[in-house]
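Enquirer: You'll find input.txt just under this line, and it carries compact mmCIF, N, CA and C atoms.
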# COMPACT_ATOMS: atom_id res chain seq x y z
N THR A 1 -7.90 4.45 -13.68
CA THR A 1 -8.13 3.21 -14.40
C THR A 1 -9.56 2.76 -14.12
N SER A 2 -10.11 1.97 -15.03
CA SER A 2 -11.50 1.54 -14.88
C SER A 2 -11.60 0.03 -15.09
N LYS A 3 -12.42 -0.60 -14.27
CA LYS A 3 -12.68 -2.04 -14.40
C LYS A 3 -14.17 -2.24 -14.17
N CYS A 4 -14.84 -2.82 -15.14
CA CYS A 4 -16.28 -3.06 -15.05
C CYS A 4 -17.03 -1.76 -14.76
N GLY A 5 -16.57 -0.67 -15.34
CA GLY A 5 -17.21 0.62 -15.14
C GLY A 5 -16.89 1.30 -13.83
N LYS A 6 -16.10 0.65 -12.97
CA LYS A 6 -15.75 1.23 -11.68
C LYS A 6 -14.34 1.82 -11.76
N GLU A 7 -14.20 3.08 -11.39
CA GLU A 7 -12.91 3.76 -11.43
C GLU A 7 -12.08 3.38 -10.21
N TYR A 8 -10.78 3.25 -10.41
CA TYR A 8 -9.86 3.06 -9.28
C TYR A 8 -8.51 3.63 -9.64
N PHE A 9 -7.73 3.90 -8.61
CA PHE A 9 -6.43 4.50 -8.78
C PHE A 9 -5.36 3.42 -8.60
N VAL A 10 -4.34 3.45 -9.43
CA VAL A 10 -3.23 2.50 -9.33
C VAL A 10 -2.01 3.23 -8.79
N TYR A 11 -1.39 2.65 -7.77
CA TYR A 11 -0.16 3.18 -7.20
C TYR A 11 1.00 2.39 -7.79
N TRP A 12 2.00 3.08 -8.28
CA TRP A 12 3.17 2.45 -8.89
C TRP A 12 4.30 2.46 -7.87
N ILE A 13 4.70 1.28 -7.42
CA ILE A 13 5.76 1.14 -6.42
C ILE A 13 7.06 0.86 -7.15
N THR A 14 8.06 1.66 -6.87
CA THR A 14 9.38 1.46 -7.47
C THR A 14 10.31 0.88 -6.42
N ILE A 15 10.91 -0.25 -6.75
CA ILE A 15 11.86 -0.91 -5.86
C ILE A 15 13.20 -0.92 -6.57
N LYS A 16 14.20 -0.38 -5.91
CA LYS A 16 15.53 -0.30 -6.53
C LYS A 16 16.54 -1.02 -5.66
N THR A 17 17.38 -1.80 -6.30
CA THR A 17 18.54 -2.41 -5.65
C THR A 17 19.77 -1.92 -6.40
N LYS A 18 20.92 -2.42 -6.05
CA LYS A 18 22.14 -1.99 -6.75
C LYS A 18 22.08 -2.30 -8.24
N ASN A 19 21.56 -3.47 -8.59
CA ASN A 19 21.65 -3.94 -9.97
C ASN A 19 20.35 -3.90 -10.77
N VAL A 20 19.24 -3.77 -10.10
CA VAL A 20 17.97 -3.89 -10.82
C VAL A 20 16.92 -2.96 -10.20
N SER A 21 15.94 -2.63 -11.01
CA SER A 21 14.84 -1.79 -10.56
C SER A 21 13.53 -2.43 -11.02
N TYR A 22 12.54 -2.44 -10.13
CA TYR A 22 11.23 -3.01 -10.44
C TYR A 22 10.17 -1.93 -10.27
N VAL A 23 9.14 -1.98 -11.06
CA VAL A 23 7.98 -1.13 -10.89
C VAL A 23 6.77 -2.05 -10.81
N ILE A 24 6.05 -1.95 -9.70
CA ILE A 24 4.93 -2.85 -9.44
C ILE A 24 3.65 -2.04 -9.26
N PRO A 25 2.61 -2.32 -10.04
CA PRO A 25 1.34 -1.62 -9.84
C PRO A 25 0.53 -2.27 -8.73
N ARG A 26 -0.06 -1.45 -7.87
CA ARG A 26 -0.92 -1.96 -6.80
C ARG A 26 -2.11 -1.03 -6.61
N ARG A 27 -3.25 -1.65 -6.38
CA ARG A 27 -4.47 -0.90 -6.05
C ARG A 27 -4.54 -0.72 -4.54
N PHE A 28 -5.35 0.25 -4.10
CA PHE A 28 -5.51 0.48 -2.67
C PHE A 28 -6.02 -0.78 -1.98
N SER A 29 -6.91 -1.52 -2.63
CA SER A 29 -7.47 -2.73 -2.02
C SER A 29 -6.37 -3.75 -1.70
N GLU A 30 -5.31 -3.78 -2.50
CA GLU A 30 -4.19 -4.70 -2.23
C GLU A 30 -3.39 -4.23 -1.02
N PHE A 31 -3.21 -2.91 -0.88
CA PHE A 31 -2.57 -2.38 0.32
C PHE A 31 -3.42 -2.68 1.55
N HIS A 32 -4.73 -2.53 1.40
CA HIS A 32 -5.64 -2.78 2.53
C HIS A 32 -5.59 -4.25 2.95
N GLU A 33 -5.51 -5.14 1.97
CA GLU A 33 -5.39 -6.57 2.26
C GLU A 33 -4.10 -6.86 3.02
N LEU A 34 -3.00 -6.26 2.58
CA LEU A 34 -1.71 -6.42 3.27
C LEU A 34 -1.80 -5.86 4.69
N TYR A 35 -2.42 -4.71 4.82
CA TYR A 35 -2.61 -4.09 6.14
C TYR A 35 -3.36 -5.06 7.08
N ASN A 36 -4.43 -5.67 6.58
CA ASN A 36 -5.19 -6.62 7.40
C ASN A 36 -4.36 -7.86 7.76
N MET A 37 -3.53 -8.33 6.83
CA MET A 37 -2.65 -9.47 7.13
C MET A 37 -1.66 -9.12 8.24
N MET A 38 -1.12 -7.92 8.18
CA MET A 38 -0.15 -7.49 9.19
C MET A 38 -0.84 -7.30 10.54
N LYS A 39 -2.04 -6.75 10.51
CA LYS A 39 -2.80 -6.56 11.74
C LYS A 39 -3.09 -7.91 12.40
N ALA A 40 -3.40 -8.92 11.59
CA ALA A 40 -3.66 -10.26 12.12
C ALA A 40 -2.41 -10.87 12.75
N ARG A 41 -1.25 -10.40 12.33
CA ARG A 41 0.02 -10.87 12.90
C ARG A 41 0.52 -9.92 14.01
N ASN A 42 -0.36 -9.07 14.50
CA ASN A 42 -0.05 -8.09 15.54
C ASN A 42 1.02 -7.09 15.15
N ILE A 43 1.11 -6.78 13.88
CA ILE A 43 1.99 -5.72 13.39
C ILE A 43 1.07 -4.55 13.09
N LYS A 44 1.10 -3.56 13.96
CA LYS A 44 0.13 -2.47 13.90
C LYS A 44 0.73 -1.21 13.28
N PHE A 45 0.00 -0.64 12.34
CA PHE A 45 0.32 0.65 11.74
C PHE A 45 -0.92 1.50 11.95
N GLU A 46 -0.84 2.47 12.84
CA GLU A 46 -2.02 3.21 13.29
C GLU A 46 -2.59 4.19 12.26
N ASN A 47 -1.78 4.64 11.32
CA ASN A 47 -2.19 5.74 10.45
C ASN A 47 -2.73 5.28 9.10
N PHE A 48 -3.12 4.02 8.96
CA PHE A 48 -3.55 3.52 7.65
C PHE A 48 -4.83 4.23 7.20
N PRO A 49 -4.87 4.65 5.92
CA PRO A 49 -6.05 5.38 5.44
C PRO A 49 -7.30 4.50 5.38
N LYS A 50 -8.43 5.12 5.59
CA LYS A 50 -9.71 4.42 5.54
C LYS A 50 -10.11 4.13 4.10
N LYS A 51 -10.85 3.04 3.93
CA LYS A 51 -11.45 2.76 2.62
C LYS A 51 -12.59 3.74 2.41
N THR A 52 -12.82 4.08 1.16
CA THR A 52 -13.92 4.98 0.85
C THR A 52 -14.91 4.27 -0.07
N ILE A 53 -16.17 4.62 0.07
CA ILE A 53 -17.20 4.02 -0.77
C ILE A 53 -17.11 4.60 -2.18
N PHE A 54 -16.87 5.89 -2.25
CA PHE A 54 -16.77 6.56 -3.53
C PHE A 54 -15.31 6.80 -3.87
N SER A 55 -14.99 6.88 -5.15
CA SER A 55 -13.61 7.13 -5.54
C SER A 55 -13.18 8.52 -5.09
N ILE A 56 -11.92 8.64 -4.78
CA ILE A 56 -11.36 9.93 -4.37
C ILE A 56 -11.13 10.75 -5.62
N ASN A 57 -11.72 11.93 -5.66
CA ASN A 57 -11.59 12.75 -6.85
C ASN A 57 -10.75 14.01 -6.63
N SER A 58 -10.18 14.14 -5.46
CA SER A 58 -9.34 15.29 -5.14
C SER A 58 -7.87 14.89 -5.24
N GLN A 59 -7.11 15.65 -6.00
CA GLN A 59 -5.67 15.37 -6.14
C GLN A 59 -4.97 15.45 -4.79
N ALA A 60 -5.37 16.40 -3.96
CA ALA A 60 -4.76 16.55 -2.64
C ALA A 60 -5.00 15.31 -1.77
N LYS A 61 -6.23 14.77 -1.82
CA LYS A 61 -6.53 13.56 -1.04
C LYS A 61 -5.76 12.35 -1.57
N LEU A 62 -5.63 12.25 -2.89
CA LEU A 62 -4.84 11.15 -3.48
C LEU A 62 -3.38 11.25 -3.05
N GLU A 63 -2.84 12.46 -3.06
CA GLU A 63 -1.44 12.66 -2.65
C GLU A 63 -1.24 12.31 -1.18
N LYS A 64 -2.20 12.70 -0.34
CA LYS A 64 -2.11 12.38 1.09
C LYS A 64 -2.16 10.87 1.30
N ARG A 65 -3.05 10.19 0.58
CA ARG A 65 -3.14 8.74 0.70
C ARG A 65 -1.83 8.09 0.23
N LYS A 66 -1.27 8.60 -0.85
CA LYS A 66 0.01 8.08 -1.37
C LYS A 66 1.13 8.24 -0.33
N GLU A 67 1.18 9.40 0.32
CA GLU A 67 2.18 9.64 1.37
C GLU A 67 2.04 8.62 2.50
N ILE A 68 0.81 8.38 2.92
CA ILE A 68 0.57 7.44 4.03
C ILE A 68 0.93 6.02 3.60
N LEU A 69 0.61 5.64 2.37
CA LEU A 69 0.97 4.30 1.90
C LEU A 69 2.49 4.15 1.80
N ASN A 70 3.19 5.20 1.43
CA ASN A 70 4.66 5.17 1.45
C ASN A 70 5.18 4.97 2.87
N GLU A 71 4.59 5.68 3.83
CA GLU A 71 4.96 5.50 5.24
C GLU A 71 4.72 4.06 5.67
N PHE A 72 3.59 3.51 5.25
CA PHE A 72 3.23 2.13 5.59
C PHE A 72 4.29 1.16 5.06
N LEU A 73 4.69 1.32 3.81
CA LEU A 73 5.71 0.43 3.23
C LEU A 73 7.05 0.58 3.94
N ARG A 74 7.44 1.80 4.25
CA ARG A 74 8.70 2.01 4.98
C ARG A 74 8.62 1.38 6.37
N PHE A 75 7.47 1.52 7.03
CA PHE A 75 7.25 0.91 8.34
C PHE A 75 7.44 -0.61 8.27
N LEU A 76 6.83 -1.24 7.24
CA LEU A 76 6.93 -2.69 7.10
C LEU A 76 8.36 -3.13 6.80
N LEU A 77 9.06 -2.35 6.00
CA LEU A 77 10.45 -2.69 5.67
C LEU A 77 11.35 -2.67 6.90
N GLN A 78 11.00 -1.87 7.88
CA GLN A 78 11.78 -1.79 9.11
C GLN A 78 11.52 -2.97 10.05
N LYS A 79 10.43 -3.67 9.82
CA LYS A 79 10.06 -4.79 10.68
C LYS A 79 10.67 -6.08 10.14
N SER A 80 11.60 -6.65 10.86
CA SER A 80 12.27 -7.87 10.39
C SER A 80 11.29 -9.02 10.20
N GLU A 81 10.23 -9.08 11.01
CA GLU A 81 9.26 -10.17 10.90
C GLU A 81 8.45 -10.10 9.61
N CYS A 82 8.46 -8.97 8.93
CA CYS A 82 7.72 -8.83 7.66
C CYS A 82 8.51 -9.37 6.48
N ARG A 83 9.79 -9.44 6.60
CA ARG A 83 10.63 -9.81 5.46
C ARG A 83 10.46 -11.27 5.01
N ASP A 84 9.94 -12.10 5.91
CA ASP A 84 9.75 -13.51 5.58
C ASP A 84 8.31 -13.85 5.19
N ILE A 85 7.49 -12.85 4.99
CA ILE A 85 6.09 -13.08 4.64
C ILE A 85 5.94 -12.94 3.12
N PRO A 86 5.62 -14.03 2.42
CA PRO A 86 5.54 -13.98 0.96
C PRO A 86 4.56 -12.93 0.43
N GLU A 87 3.46 -12.69 1.13
CA GLU A 87 2.48 -11.72 0.67
C GLU A 87 3.06 -10.30 0.65
N PHE A 88 4.09 -10.09 1.42
CA PHE A 88 4.70 -8.75 1.50
C PHE A 88 5.35 -8.38 0.18
N PHE A 89 5.88 -9.37 -0.50
CA PHE A 89 6.57 -9.10 -1.77
C PHE A 89 5.76 -9.68 -2.89
Would you write out, as structure tokens, the structure that this file holds?

Expert:
Amino acid sequence: TSKCGKEYFVYWITIKTKNVSYVIPRRFSEFHELYNMMKARNIKFENFPKKTIFSINSQAKLEKRKEILNEFLRFLLQKSECRDIPEFF
């Protein structure tokens, strides 16, 4: 996707419950913002991917980043203290 001539990748998060399913688009910068909020609350996830100056153009690197972001979301879902943070959802 492109905004103001700058390319970026959108991650599509699928959330499923018994009765409903949601698909939410998120940019890496939004994950990074959430990561910083959690870090400020002393909720540490050591494996968070680094920001890059240039866009990632390798499919393998994008897939690796996606795997780590999935791990990050699963990690946060396991933390009961995250469930009451509005920014999380």

Enquirer: Tell me which of A:Lys39, A:Asp84, A:Asn70, A:Glu46 sits closest to A:Thr14, counting only C-alpha atoms.

Expert: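 Result for the nearest residue to A:Thr14: A:Asn70.
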
Enquirer: Just how far from atom CA of A:Glu63 is atom CA of A:Tyr8, in Å to one decimal?

Expert: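 These atoms are spaced 14.4 Å apart.
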
Enquirer: With distances taken over only C-alpha atoms, which of A:Lys18, A:Arg26, A:His32, A:Lys44 is nearest to A:Lys79?

Expert: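 For A:Lys79, the nearest of the candidates is A:Lys44.
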
Enquirer: May I have all residues of chain A that DSSP, computed from the backbone, assigns to strand (DSSP E), given as a list in words?

Expert: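 Selection result, strand (DSSP E) within chain A: Ser2, Lys3, Lys6, Glu7, Val10, Tyr11, Trp12, Ile13, Thr14, Ile15, Lys16, Ser21, Tyr22, Val23, Ile24, Pro25, Arg26 and Arg27 of chain A.
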
Enquirer: Which distance in Å separates atom CA of A:Tyr11 and atom CA of A:Ser58, to one decimal?

Expert: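 Taking atom CA of A:Tyr11 as the start and atom CA of A:Ser58 as the end point, the length is 15.3 Å.
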
Enquirer: Could you pull out the helix (DSSP H, G or I) residues of stretch 15-84 of chain A from DSSP and send them as an MDAnalysis selection string?

Expert: chainID A and resid 28:40 59:78 80:82

Enquirer: Provide the atom CA of A:Phe75 to atom C of A:Val20 distance in Å, to one decimal place.

Expert: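 Result for atom CA of A:Phe75 versus atom C of A:Val20: 21.3 Å, one decimal.
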
Enquirer: Measuring between all atoms listed in the file, which one of A:Arg27, A:Glu67, A:Arg83, A:Leu73 shows the shortest distance to A:Phe9?

Expert: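 Ranked by minimum distance to A:Phe9, first place goes to A:Arg27.
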